[in-house]
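Reproduced below: protein_8.txt, with compact mmCIF, C-alpha atoms and all ligand atoms.
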# COMPACT_ATOMS: atom_id res chain seq x y z
CA MET A 165 0.00 0.00 0.00
CA SER A 166 3.01 2.30 0.24
CA GLN A 167 2.81 3.91 -3.24
CA TYR A 168 0.97 7.22 -3.13
CA HIS A 169 -2.75 7.19 -3.84
CA PRO A 170 -5.62 8.84 -1.96
CA LEU A 171 -6.69 6.43 0.76
CA THR A 172 -10.08 4.81 0.94
CA GLU A 173 -11.74 4.66 4.34
CA ALA A 174 -10.97 0.93 4.54
CA GLU A 175 -7.28 1.64 3.92
CA ALA A 176 -7.24 4.41 6.50
CA ILE A 177 -8.63 1.91 9.03
CA GLU A 178 -5.99 -0.67 8.11
CA ILE A 179 -3.21 1.89 8.69
CA ALA A 180 -4.75 3.17 11.92
CA ARG A 181 -4.84 -0.36 13.28
CA THR A 182 -1.02 -0.43 13.27
CA ILE A 183 -0.94 2.23 16.03
CA ASN A 184 -0.83 -0.16 18.96
CA GLU A 185 -0.58 2.50 21.64
CA VAL A 186 -4.06 3.73 20.66
CA PHE A 187 -5.63 0.48 19.47
CA PRO A 188 -3.95 -2.35 21.44
CA THR A 189 -6.99 -4.60 20.98
CA GLY A 190 -8.58 -5.92 17.79
CA GLU A 191 -12.14 -4.56 18.06
CA GLU A 192 -13.82 -2.96 15.09
CA LEU A 193 -12.64 0.48 13.86
CA VAL A 194 -14.89 3.01 12.12
CA SER A 195 -13.73 5.78 9.78
CA LYS A 196 -15.32 9.09 8.85
CA GLU A 197 -13.71 11.51 6.39
CA ILE A 198 -14.07 14.91 8.07
CA GLY A 199 -11.68 17.10 6.03
CA ASP A 200 -13.36 20.48 5.70
CA GLY A 201 -10.20 22.43 4.94
CA ASN A 202 -8.85 23.46 1.58
CA LEU A 203 -6.15 20.89 0.93
CA ASN A 204 -6.32 17.46 2.59
CA LEU A 205 -8.21 14.31 3.45
CA VAL A 206 -8.79 13.85 7.19
CA PHE A 207 -10.01 10.49 8.49
CA HIS A 208 -11.38 10.32 12.02
CA ILE A 209 -10.89 6.74 13.15
CA THR A 210 -12.74 5.52 16.24
CA GLN A 211 -13.07 2.24 18.09
CA PRO A 212 -16.62 2.20 19.46
CA ALA A 213 -15.90 -0.66 21.88
CA THR A 214 -13.11 1.21 23.71
CA GLY A 215 -13.75 4.87 22.85
CA ALA A 216 -10.16 5.14 21.52
CA SER A 217 -9.60 7.34 18.47
CA LEU A 218 -7.01 9.03 16.27
CA ILE A 219 -6.69 11.13 13.12
CA VAL A 220 -5.17 10.04 9.79
CA LYS A 221 -4.43 13.11 7.69
CA GLN A 222 -3.39 12.70 4.06
CA ALA A 223 -2.22 15.40 1.69
CA LEU A 224 -3.78 15.43 -1.78
CA PRO A 225 -1.57 16.27 -4.77
CA TYR A 226 -3.71 19.32 -5.54
CA ALA A 227 -5.61 22.05 -3.69
CA LYS A 228 -9.00 20.50 -2.84
CA VAL A 229 -10.60 23.94 -2.68
CA VAL A 230 -9.81 24.61 -6.38
CA GLY A 231 -9.40 21.13 -7.91
CA GLU A 232 -6.79 19.14 -9.81
CA SER A 233 -5.87 22.17 -11.92
CA TRP A 234 -3.90 23.48 -8.92
CA PRO A 235 -1.17 20.87 -8.25
CA LEU A 236 0.60 20.89 -4.88
CA SER A 237 3.67 19.01 -3.72
CA LEU A 238 3.09 16.06 -1.39
CA ASP A 239 6.30 17.01 0.42
CA ARG A 240 4.12 19.34 2.47
CA ALA A 241 2.97 16.28 4.46
CA ARG A 242 6.58 15.65 5.53
CA ILE A 243 6.94 19.34 6.36
CA GLU A 244 3.73 19.29 8.38
CA SER A 245 4.77 16.18 10.32
CA GLU A 246 8.25 17.49 11.06
CA ALA A 247 6.89 20.88 12.08
CA LEU A 248 4.31 19.26 14.39
CA VAL A 249 7.02 17.22 16.08
CA LYS A 250 9.34 20.21 16.45
CA GLN A 251 6.56 22.47 17.75
CA GLY A 252 5.51 19.75 20.21
CA GLU A 253 9.10 19.54 21.50
CA LEU A 254 9.52 23.30 21.78
CA ALA A 255 6.05 24.03 23.18
CA PRO A 256 5.06 20.89 25.12
CA GLY A 257 1.33 20.25 25.34
CA LEU A 258 0.46 22.86 22.71
CA ALA A 259 0.58 20.65 19.58
CA PRO A 260 -1.09 17.28 18.89
CA ARG A 261 0.94 14.15 19.47
CA VAL A 262 2.24 12.52 16.25
CA TYR A 263 2.02 8.71 16.29
CA LYS A 264 3.40 7.98 12.84
CA THR A 265 4.41 9.62 9.57
CA ASP A 266 4.47 8.03 6.11
CA ASN A 267 6.13 10.32 3.60
CA GLU A 268 5.34 8.12 0.59
CA LEU A 269 1.63 8.13 1.34
CA ALA A 270 1.91 11.77 2.50
CA LEU A 271 0.26 11.03 5.81
CA THR A 272 0.47 11.92 9.44
CA ILE A 273 -1.27 9.88 12.09
CA MET A 274 -1.92 11.98 15.16
CA GLU A 275 -3.83 12.58 18.34
CA ASP A 276 -7.58 13.07 17.99
CA LEU A 277 -8.59 16.41 19.47
CA SER A 278 -12.34 16.10 19.06
CA ASP A 279 -12.83 16.92 22.74
CA HIS A 280 -11.67 20.41 21.66
CA VAL A 281 -13.40 22.83 19.31
CA ILE A 282 -11.88 24.66 16.36
CA MET A 283 -11.33 28.15 17.72
CA ARG A 284 -13.02 29.89 14.79
CA LYS A 285 -16.22 27.95 15.49
CA GLY A 286 -15.85 28.49 19.24
CA LEU A 287 -15.50 32.24 18.77
CA ILE A 288 -18.46 32.41 16.38
CA GLU A 289 -20.53 30.67 19.04
CA GLY A 290 -19.43 33.23 21.65
CA GLY A 291 -16.91 31.00 23.48
CA VAL A 292 -14.49 32.46 26.02
CA TYR A 293 -11.00 31.00 26.35
CA PRO A 294 -9.32 32.40 29.46
CA LYS A 295 -6.07 30.43 29.00
CA PHE A 296 -5.69 31.12 25.30
CA ALA A 297 -3.45 34.20 25.57
CA GLU A 298 -1.14 32.40 27.98
CA HIS A 299 -0.96 29.32 25.77
CA ILE A 300 -0.59 30.92 22.36
CA SER A 301 1.99 33.44 23.61
CA GLU A 302 3.98 30.49 24.95
CA PHE A 303 3.66 28.68 21.63
CA ILE A 304 4.78 31.60 19.50
CA ALA A 305 7.52 32.78 21.88
CA ARG A 306 9.13 29.35 22.18
CA THR A 307 8.71 28.10 18.61
CA LEU A 308 9.93 31.38 17.11
CA PHE A 309 12.78 32.04 19.53
CA PHE A 310 14.28 28.54 19.56
CA THR A 311 14.25 28.19 15.76
CA SER A 312 15.81 31.60 15.14
CA ASP A 313 19.41 32.82 15.06
CA LEU A 314 18.71 34.23 18.52
CA GLY A 315 18.05 30.91 20.19
CA MET A 316 19.78 28.07 18.35
CA ASN A 317 23.05 27.11 16.74
CA GLN A 318 23.24 29.24 13.63
CA GLN A 319 24.77 26.52 11.42
CA GLU A 320 22.07 24.04 12.41
CA LYS A 321 19.51 26.73 11.71
CA LYS A 322 20.68 26.90 8.09
CA ARG A 323 20.08 23.15 7.78
CA LEU A 324 16.61 23.60 9.20
CA VAL A 325 15.93 26.39 6.71
CA GLU A 326 16.82 23.89 3.98
CA SER A 327 14.59 21.10 5.26
CA PHE A 328 11.62 23.48 5.53
CA ILE A 329 11.84 24.89 2.00
CA ASN A 330 8.15 24.83 1.07
CA PRO A 331 7.77 26.50 -2.34
CA ASP A 332 4.23 25.43 -3.31
CA LEU A 333 2.64 26.44 -0.05
CA CYS A 334 4.63 29.69 0.13
CA LYS A 335 3.42 30.46 -3.40
CA ILE A 336 -0.19 30.14 -2.20
CA THR A 337 0.52 32.75 0.47
CA GLU A 338 2.48 34.99 -1.87
CA ASP A 339 -0.43 34.97 -4.34
CA LEU A 340 -3.44 34.92 -2.03
CA ILE A 341 -2.17 37.36 0.60
CA PHE A 342 0.46 39.53 -1.03
CA GLU A 343 -0.66 39.86 -4.65
CA ASP A 344 -4.22 38.94 -5.62
CA PRO A 345 -6.03 41.32 -3.25
CA TYR A 346 -4.13 44.27 -4.77
CA TYR A 347 -5.24 43.88 -8.39
CA ASP A 348 -8.23 42.52 -10.29
CA SER A 349 -7.03 38.92 -10.05
CA PRO A 350 -9.27 36.10 -11.32
CA ASN A 351 -8.48 34.31 -8.03
CA ASN A 352 -10.37 36.94 -6.03
CA ASN A 353 -13.82 36.11 -4.76
CA ILE A 354 -15.53 39.50 -4.55
CA GLU A 355 -19.15 39.91 -3.54
CA ALA A 356 -20.74 42.44 -5.92
CA HIS A 357 -21.47 44.93 -3.15
CA LEU A 358 -17.75 45.08 -2.26
CA ARG A 359 -16.43 45.83 -5.74
CA ASP A 360 -16.04 49.54 -4.98
CA ALA A 361 -14.01 48.79 -1.84
CA ALA A 362 -11.72 46.43 -3.75
CA GLU A 363 -11.27 48.98 -6.52
CA ALA A 364 -10.35 51.65 -3.97
CA ILE A 365 -7.64 49.34 -2.63
CA TRP A 366 -6.31 48.60 -6.13
CA ALA A 367 -5.92 52.37 -6.64
CA ASP A 368 -4.29 53.05 -3.26
CA GLU A 369 -0.57 53.51 -4.01
CA GLU A 370 0.38 54.27 -0.39
CA LEU A 371 -1.17 50.97 0.70
CA LYS A 372 0.41 48.98 -2.12
CA LEU A 373 3.86 50.31 -1.23
CA GLU A 374 3.45 48.93 2.30
CA VAL A 375 2.20 45.61 0.89
CA ALA A 376 5.37 45.49 -1.24
CA PHE A 377 7.51 45.82 1.89
CA LEU A 378 5.54 43.10 3.64
CA ARG A 379 5.72 40.82 0.60
CA GLU A 380 9.49 41.34 0.46
CA LYS A 381 9.77 40.28 4.11
CA PHE A 382 7.67 37.18 3.50
CA LEU A 383 9.83 36.26 0.49
CA THR A 384 13.25 36.92 2.00
CA ASN A 385 13.35 37.16 5.79
CA ALA A 386 14.24 33.66 7.07
CA GLN A 387 13.94 34.73 10.71
CA ALA A 388 12.36 31.65 12.32
CA LEU A 389 10.46 28.46 11.56
CA LEU A 390 6.89 29.67 11.20
CA HIS A 391 3.68 27.74 11.54
CA GLY A 392 2.80 29.64 8.38
CA ASP A 393 -1.02 29.53 8.63
CA LEU A 394 -1.80 30.37 12.24
CA HIS A 395 -5.43 31.39 11.88
CA THR A 396 -8.18 30.39 14.31
CA GLY A 397 -9.08 27.43 12.05
CA SER A 398 -5.63 26.01 12.85
CA ILE A 399 -6.16 26.12 16.60
CA PHE A 400 -8.18 23.71 18.73
CA VAL A 401 -9.33 25.03 22.12
CA THR A 402 -11.21 24.30 25.29
CA PRO A 403 -11.37 26.78 28.16
CA ASP A 404 -8.31 24.98 29.62
CA SER A 405 -6.37 23.75 26.62
CA THR A 406 -4.93 25.01 23.33
CA LYS A 407 -3.51 22.84 20.54
CA VAL A 408 -2.03 24.26 17.37
CA ILE A 409 -2.58 22.05 14.32
CA ASP A 410 -2.02 22.10 10.54
CA PRO A 411 1.50 23.54 10.07
CA GLU A 412 1.68 22.45 6.42
CA PHE A 413 2.60 26.03 5.44
CA ALA A 414 5.64 25.90 7.76
CA TYR A 415 8.77 27.55 6.38
CA TYR A 416 11.47 29.96 7.50
CA GLY A 417 9.96 33.41 7.38
CA PRO A 418 9.36 36.62 9.35
CA MET A 419 8.14 36.03 12.92
CA GLY A 420 5.49 38.75 12.67
CA PHE A 421 3.65 36.68 10.06
CA ASP A 422 2.57 34.09 12.66
CA ILE A 423 1.71 36.63 15.35
CA GLY A 424 -0.13 38.80 12.82
CA ALA A 425 -2.15 35.76 11.70
CA VAL A 426 -3.50 35.23 15.22
CA PHE A 427 -4.36 38.92 15.60
CA ALA A 428 -5.98 39.17 12.14
CA ASN A 429 -8.32 36.30 12.89
CA LEU A 430 -9.33 37.76 16.24
CA LEU A 431 -9.96 41.04 14.40
CA LEU A 432 -12.06 39.30 11.75
CA ASN A 433 -14.21 37.91 14.55
CA TYR A 434 -14.26 41.43 16.06
CA ALA A 435 -15.61 42.78 12.77
CA SER A 436 -18.15 39.96 12.53
CA GLN A 437 -19.79 41.07 15.80
CA GLU A 438 -21.93 43.33 13.58
CA HIS A 439 -24.06 40.20 13.41
CA TRP A 440 -23.10 37.72 16.13
CA SER A 441 -23.70 39.96 19.15
CA ALA A 442 -27.29 40.31 20.30
CA ASP A 443 -27.24 44.07 20.84
CA GLU A 444 -24.98 47.08 21.19
CA ALA A 445 -23.91 46.27 24.78
CA ALA A 446 -23.11 42.64 23.93
CA ARG A 447 -21.17 43.82 20.89
CA ARG A 448 -19.10 46.18 23.04
CA ASP A 449 -18.34 43.46 25.61
CA ARG A 450 -17.41 40.90 23.02
CA ARG A 451 -15.17 43.32 21.19
CA ALA A 452 -13.49 44.34 24.45
CA TYR A 453 -12.82 40.64 25.16
CA LEU A 454 -11.21 40.19 21.74
CA LEU A 455 -9.05 43.32 22.01
CA ASN A 456 -8.00 42.41 25.56
CA THR A 457 -7.01 38.99 24.27
CA ILE A 458 -4.80 40.59 21.61
CA ARG A 459 -3.23 42.90 24.21
CA ASP A 460 -2.59 39.98 26.57
CA ILE A 461 -1.06 37.86 23.82
CA TRP A 462 1.39 40.59 22.79
CA THR A 463 2.29 41.55 26.37
CA LEU A 464 2.84 37.94 27.43
CA PHE A 465 4.66 37.12 24.21
CA GLU A 466 7.03 40.05 24.59
CA ALA A 467 7.84 39.23 28.23
CA LYS A 468 8.41 35.55 27.45
CA PHE A 469 10.48 36.26 24.35
CA ARG A 470 12.73 38.70 26.24
CA LYS A 471 13.16 36.18 29.08
CA LEU A 472 14.09 33.40 26.65
CA TRP A 473 16.56 35.75 24.99
CA ASN A 474 18.12 36.83 28.31
CA GLU A 475 18.40 33.25 29.55
CA HIS A 476 19.16 31.32 26.35
CA GLY A 477 20.48 33.89 23.85
CA ALA A 478 22.91 32.07 21.54
CA ASP A 479 24.64 35.10 20.02
CA ARG A 480 27.12 37.29 21.92
CA VAL A 481 26.87 40.21 19.48
CA PHE A 482 23.08 40.33 19.88
CA ARG A 483 23.62 41.25 23.55
CA ALA A 484 24.60 44.78 22.46
CA PRO A 485 22.53 47.25 24.51
CA GLY A 486 19.52 48.45 22.54
CA TYR A 487 19.50 45.56 20.06
CA GLN A 488 16.79 43.55 21.85
CA ASP A 489 14.56 46.63 22.14
CA SER A 490 15.05 47.41 18.46
CA TYR A 491 14.29 43.78 17.50
CA LEU A 492 11.05 43.78 19.47
CA SER A 493 9.90 47.13 18.02
CA ARG A 494 10.56 45.93 14.49
CA LEU A 495 8.74 42.70 15.27
CA LEU A 496 5.73 44.63 16.56
CA GLN A 497 5.66 46.67 13.34
CA ASP A 498 5.85 43.53 11.18
CA THR A 499 3.06 41.99 13.27
CA VAL A 500 0.82 45.01 12.71
CA GLY A 501 1.47 44.96 8.95
CA PHE A 502 0.96 41.23 8.53
CA ALA A 503 -2.19 41.37 10.68
CA GLY A 504 -3.53 43.96 8.24
CA ALA A 505 -2.64 41.94 5.13
CA LYS A 506 -4.16 38.80 6.60
CA THR A 507 -7.37 40.67 7.42
CA VAL A 508 -7.81 42.17 3.94
CA ARG A 509 -7.27 38.87 2.08
CA ARG A 510 -10.12 37.16 3.94
CA ILE A 511 -12.73 39.68 2.76
CA TYR A 512 -12.51 39.43 -1.02
CA GLY A 513 -9.52 37.17 -1.78
CA LEU A 514 -9.91 33.52 -2.78
CA SER A 515 -10.41 32.15 0.70
CA HIS A 516 -12.75 33.82 3.18
CA VAL A 517 -13.63 33.08 6.82
CA ALA A 518 -16.83 31.68 8.29
CA ASP A 519 -16.95 34.42 10.96
CA ILE A 520 -18.00 36.81 8.20
CA ASP A 521 -19.23 34.66 5.30
CA SER A 522 -21.77 32.86 7.45
CA ILE A 523 -23.52 36.10 8.45
CA PRO A 524 -26.91 35.52 6.79
CA ASP A 525 -28.11 39.11 6.78
CA ALA A 526 -26.57 40.85 3.76
CA GLY A 527 -26.56 44.28 5.40
CA ALA A 528 -24.78 43.09 8.56
CA ARG A 529 -22.35 41.06 6.47
CA GLU A 530 -21.46 44.07 4.37
CA ARG A 531 -20.94 46.23 7.47
CA ALA A 532 -18.64 43.56 8.92
CA GLN A 533 -16.73 43.27 5.65
CA ARG A 534 -16.23 47.02 5.33
CA LEU A 535 -15.20 47.25 8.97
CA ALA A 536 -12.61 44.48 8.47
CA LEU A 537 -11.29 46.22 5.35
CA SER A 538 -11.04 49.51 7.19
CA ILE A 539 -9.09 47.87 10.06
CA GLY A 540 -6.90 45.83 7.71
CA THR A 541 -5.94 48.70 5.43
CA SER A 542 -5.26 51.03 8.38
CA LEU A 543 -2.99 48.43 9.98
CA ILE A 544 -1.07 47.99 6.74
CA LYS A 545 -0.63 51.73 6.32
CA HIS A 546 0.38 52.22 9.95
CA ASN A 547 2.71 49.23 10.32
CA ARG A 548 6.09 50.99 10.09
CA LYS A 549 4.90 53.73 12.46
CA ALA A 550 3.61 51.44 15.21
CA VAL A 551 5.27 51.86 18.60
CA SER A 552 3.02 49.82 20.87
CA ILE A 553 0.33 47.16 20.67
CA GLU A 554 -2.05 49.97 21.68
CA ASP A 555 -1.65 51.34 18.13
CA LEU A 556 -3.30 48.21 16.73
CA LEU A 557 -6.04 48.25 19.35
CA ASP A 558 -6.72 51.96 18.76
CA ILE A 559 -7.07 51.33 15.02
CA ALA A 560 -9.62 48.58 15.68
CA SER A 561 -11.58 50.73 18.14
CA ALA A 562 -11.50 53.80 15.89
CA ALA A 563 -12.83 51.82 12.92
CA VAL A 564 -15.91 50.83 14.95
CA ALA A 565 -16.45 54.40 16.14
CA LYS A 566 -16.46 55.77 12.54
C1 LIG A 601 -5.77 27.22 -1.48
S1 LIG A 601 -5.57 27.26 0.23
C2 LIG A 601 -6.38 28.71 0.79
C3 LIG A 601 -6.00 29.09 2.15
O1 LIG A 601 -6.27 28.04 3.08
C4 LIG A 601 -5.20 27.88 3.96
O2 LIG A 601 -5.64 27.71 5.27
C5 LIG A 601 -4.32 29.11 3.80
O3 LIG A 601 -4.69 30.17 4.64
C6 LIG A 601 -4.53 29.41 2.37
O4 LIG A 601 -4.19 30.71 2.02
MG MG A 602 -4.87 24.43 7.14
As structure tokens, how would this structure be written, given the file I've shared?
Amino acid sequence: MSQYHPLTEAEAIEIARTINEVFPTGEELVSKEIGDGNLNLVFHITQPATGASLIVKQALPYAKVVGESWPLSLDRARIESEALVKQGELAPGLAPRVYKTDNELALTIMEDLSDHVIMRKGLIEGGVYPKFAEHISEFIARTLFFTSDLGMNQQEKKRLVESFINPDLCKITEDLIFEDPYYDSPNNNIEAHLRDAAEAIWADEELKLEVAFLREKFLTNAQALLHGDLHTGSIFVTPDSTKVIDPEFAYYGPMGFDIGAVFANLLLNYASQEHWSADEAARRDRRAYLLNTIRDIWTLFEAKFRKLWNEHGADRVFRAPGYQDSYLSRLLQDTVGFAGAKTVRRIYGLSHVADIDSIPDAGARERAQRLALSIGTSLIKHNRKAVSIEDLLDIASAAVAK
């Protein structure tokens, strides 16, 4: 069975049965294909007699969301597996356990997290996750610091850069985030009522200059091993637990891209409160919760990152007074810019988010979309001027007040 082909459910069961630590006994296994993402097959395998379960995830050789006309390398399954293992080592308890990898079949067999909820869904349903800021700040601080030139052997880092070269998946990001939204690309998915807003962005030279700087950073700045797609659909949560999944876009890139992804998706949910909150007071409370979460994440991240640097810094020259402060201010600016770019692309680019697309009322949906565009474009324009996380929060608050 080892030559690549998309698995049938029966084959997925046969493979799952080899994971003795989950299925030590021979009772019947049941499979359900639950992949609702853009790129992969995901088999949820359960053993009704014991309640044991696991996930078999298989990469397809094309982007499922578009079809076979968009081929994608299967090597991304190896990258995803290796990134999951590395992230699990660097941030214990914050990534799913990997039981087995098969690079030929492009699969990863991993811990079933169905006692958690996908954070995007949880947020849409009004969930509150009091430990999330603590957990995600730990995840980003440790995975970014210990894979960067700040926190690891710099020769080994170059070898890691090589093993995480991920051209097909990077190309998706380069197109969908840093190019298509800024011209009349056939990839865009623009609701008719938003055409004028998209056209205004295509004509905005100040904005496009900032996008060019951000694109350049994404293309060239091999700062740390990124998750690469750290939106709220890549995070499982409960009130007590956080697990980061799906690092198939992992590659060496600018740290602010991962942090900005988390913030952008909280901001998209913030914009979507035009519909999901029951009334004005509920909307205010929910938005305050989301902005406080962003503030907490940045504050905790910065403190943890500085502590890691002070205790484990691998580079003598980088101890020069002022360098750490400069690094963190540049990282904040990148984070603000990438948060903006990742907000804009979800409104009329190829791939949207359920927070906004599932708003049934067209008027509320349009208000949420325009609000997200206003926040996203302001963040992009402001990125190189940002001095504090309060700048990002003020932009989000001001957009609502307009
Ligand atoms: C063709 S893939 C579209 C999007 O889904 C992934 O989650 C990434 O965000 C990508 O840009
Ligand atoms: Mg994904």
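Take the candidates A:Leu218, A:Ala528, A:Leu269, A:Leu314 and check each one against Gly477 of chain A using all atoms listed in the file; the shortest distance goes to A:Leu314.
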Inset, instruction - May I ask for the distance between atom CA of Lys566 of chain A and atom CA of Lys545 of chain A, given in Å to one decimal place? - result: 17.5 Å
Closest atom pairs, chain A residues within 9 Å of ligand MG 602 (chain A), only C-alpha atoms and all ligand atoms, as a Markdown table:
| residue | atom | partner | partner_atom | distance |
| --- | --- | --- | --- | --- |
| A:Gly201 | CA | A:MG602 | MG | 6.1 |
| A:Asn202 | CA | A:MG602 | MG | 6.9 |
| A:Leu203 | CA | A:MG602 | MG | 7.3 |
| A:Asn204 | CA | A:MG602 | MG | 8.4 |
| A:Asp393 | CA | A:MG602 | MG | 6.6 |
| A:Leu394 | CA | A:MG602 | MG | 8.4 |
| A:His395 | CA | A:MG602 | MG | 8.4 |
| A:Gly397 | CA | A:MG602 | MG | 7.1 |
| A:Ser398 | CA | A:MG602 | MG | 6.0 |
| A:Ile409 | CA | A:MG602 | MG | 7.9 |
| A:Asp410 | CA | A:MG602 | MG | 5.0 |
| A:Pro411 | CA | A:MG602 | MG | 7.1 |
| A:Glu412 | CA | A:MG602 | MG | 6.9 |
| A:Phe413 | CA | A:MG602 | MG | 7.8 |
Inset, instruction - Please identify all polymer residues within 12 Å of Val325 of chain A, counting all atoms listed in the file, omitting same-chain residues fewer than 3 positions from it, and present them as a ChimeraX atom specification. - result: /A:243,247,311-313,318-322,328-330,384-390,414-417
Inset, instruction - Kindly give the distance, in Å, that separates atom CA of Lys335 of chain A and atom CA of Lys381 of chain A, rounded to a single decimal. - result: 13.9 Å
Inset, instruction - Measure the distance from atom CA of Tyr168 of chain A to atom CA of Thr189 of chain A in Å and round it to one decimal. - result: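 One can read the atom CA of Tyr168 of chain A to atom CA of Thr189 of chain A distance as 28.0 Å.
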Inset, instruction - Please write out the residues within 6 Å of ligand LIG 601 (chain A) as a PyMOL selection string, counting all atoms listed in the file. - result: chain A and resi 202+227+229+336-337+340+393+515
Given the selection you just returned, output its residues as a file containing C-alpha atoms, formatted as a compact mmCIF listing (two decimals), in the coordinates of the input.
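So the final result, stored in selection_18.txt, reads:
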# COMPACT_ATOMS: atom_id res chain seq x y z
CA ASN A 202 -8.85 23.46 1.58
CA ALA A 227 -5.61 22.05 -3.69
CA VAL A 229 -10.60 23.94 -2.68
CA ILE A 336 -0.19 30.14 -2.20
CA THR A 337 0.52 32.75 0.47
CA LEU A 340 -3.44 34.92 -2.03
CA ASP A 393 -1.02 29.53 8.63
CA SER A 515 -10.41 32.15 0.70
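Ranking A:Arg240, A:Gln211, A:Leu205, A:Asp519 by their shortest atom-to-atom distance to Phe187 of chain A, with only C-alpha atoms included, puts A:Gln211 first.
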Inset, instruction - Measuring atom to atom with only C-alpha atoms, identify which of A:Glu343, A:Leu373, A:Ser436, A:Asp521 is nearest to Arg548 of chain A. - result: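 Distance minimum relative to Arg548 of chain A lands on A:Leu373.
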At most 10 Å is the cut-off: for each residue in segment 377-494 of chain A with any atom that close to an atom of segment 509-514 of chain A, write down the nearest atom pair and the distance in Å rounded to one decimal, counting all atoms listed in the file, chain first then increasing number, as a Markdown table.
| residue | atom | partner | partner_atom | distance |
| --- | --- | --- | --- | --- |
| A:Ala428 | CA | A:Arg510 | CA | 9.4 |
| A:Asn429 | CA | A:Arg510 | CA | 9.2 |
| A:Leu432 | CA | A:Arg510 | CA | 8.3 |
Closest atom pairs, segment 349-433 of chain A residues within 9 Å of segment 251-268 of chain A, all atoms listed in the file, as CSV:
residue,atom,partner,partner_atom,distance
A:His391,CA,A:Gln251,CA,8.6
A:Ser405,CA,A:Leu258,CA,7.9
A:Thr406,CA,A:Leu258,CA,5.8
A:Lys407,CA,A:Leu258,CA,4.5
A:Val408,CA,A:Ala259,CA,5.0
A:Ile409,CA,A:Ala259,CA,6.3
Find the residues around Phe465 of chain A up to 6 Å (all atoms listed in the file counted), leave out those fewer than 3 positions away in its own chain, and share them as a short mmCIF file (atom, residue, chain, number, x, y, z; two decimals) with C-alpha atoms, keeping the file's coordinate frame.
data_model
loop_
_atom_site.label_atom_id
_atom_site.label_comp_id
_atom_site.auth_asym_id
_atom_site.auth_seq_id
_atom_site.Cartn_x
_atom_site.Cartn_y
_atom_site.Cartn_z
CA SER A 301 1.99 33.44 23.61
CA ALA A 305 7.52 32.78 21.88
CA ILE A 461 -1.06 37.86 23.82
CA TRP A 462 1.39 40.59 22.79
CA LYS A 468 8.41 35.55 27.45
CA PHE A 469 10.48 36.26 24.35
#
Inset, instruction - Rank nothing, just name the residue among A:Pro524, A:Gly290, A:Gly501, A:Gly190 nearest to Ile177 of chain A, using all atoms listed in the file. - result: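 Under the stated criterion, the closest residue is A:Gly190.
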Legend entry - Non-local contacts of Val401 of chain A (12 Å; all atoms listed in the file; under 5 positions in same chain excluded) as JSON, numbers by chain: {"A": [258, 259, 260, 277, 278, 279, 280, 281, 282, 283, 284, 285, 286, 287, 291, 292, 293, 294, 295, 296, 297, 299, 300, 396, 406, 407, 408, 409]}
Inset, instruction - Could you check which of A:Thr507, A:Thr210, A:Ser327, A:Ser552 is closest to Ser538 of chain A, using only C-alpha atoms? - result: A:Thr507
Inset, instruction - Mind checking which residues fall within 8 Å of segment 375-377 of chain A, counting all atoms listed in the file, ignoring those fewer than 5 positions away in the same chain, and posting them as a ChimeraX atom specification? - result: /A:342,505,544
Give me, as a Markdown table, the closest atom pair and its distance (Å, one decimal) for every residue of segment 221-243 of chain A within a cut-off of 12 Å of segment 171-174 of chain A, counting all atoms listed in the file, rows sorted by chain and rising number.
| residue | atom | partner | partner_atom | distance |
| --- | --- | --- | --- | --- |
| A:Lys221 | CA | A:Leu171 | CA | 9.9 |
| A:Gln222 | CA | A:Leu171 | CA | 7.8 |
| A:Ala223 | CA | A:Leu171 | CA | 10.1 |
| A:Leu224 | CA | A:Leu171 | CA | 9.8 |
Can you write just those residues out, C-alpha atoms, as a compact mmCIF listing (two decimals), in the frame of the given file?
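Okay, this is what ended up in part-v3.txt:
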# COMPACT_ATOMS: atom_id res chain seq x y z
CA LYS A 221 -4.43 13.11 7.69
CA GLN A 222 -3.39 12.70 4.06
CA ALA A 223 -2.22 15.40 1.69
CA LEU A 224 -3.78 15.43 -1.78
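With only C-alpha atoms as the atoms that count, the minimum distance from Asp558 of chain A to the choices A:Ala452, A:Ser237, A:His516, A:Phe482 is reached by A:Ala452.
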Just want the 12 Å neighbourhood of Asp479 of chain A, counted on all atoms listed in the file, with same-chain residues fewer than 4 positions away dropped. Output as a compact mmCIF listing (two decimals) with C-alpha atoms, in the coordinates of the input.
# COMPACT_ATOMS: atom_id res chain seq x y z
CA SER A 312 15.81 31.60 15.14
CA ASP A 313 19.41 32.82 15.06
CA LEU A 314 18.71 34.23 18.52
CA GLY A 315 18.05 30.91 20.19
CA MET A 316 19.78 28.07 18.35
CA ASN A 317 23.05 27.11 16.74
CA GLN A 318 23.24 29.24 13.63
CA TRP A 473 16.56 35.75 24.99
CA ASN A 474 18.12 36.83 28.31
CA GLU A 475 18.40 33.25 29.55
CA ARG A 483 23.62 41.25 23.55
CA ALA A 484 24.60 44.78 22.46
CA TYR A 487 19.50 45.56 20.06
CA GLN A 488 16.79 43.55 21.85
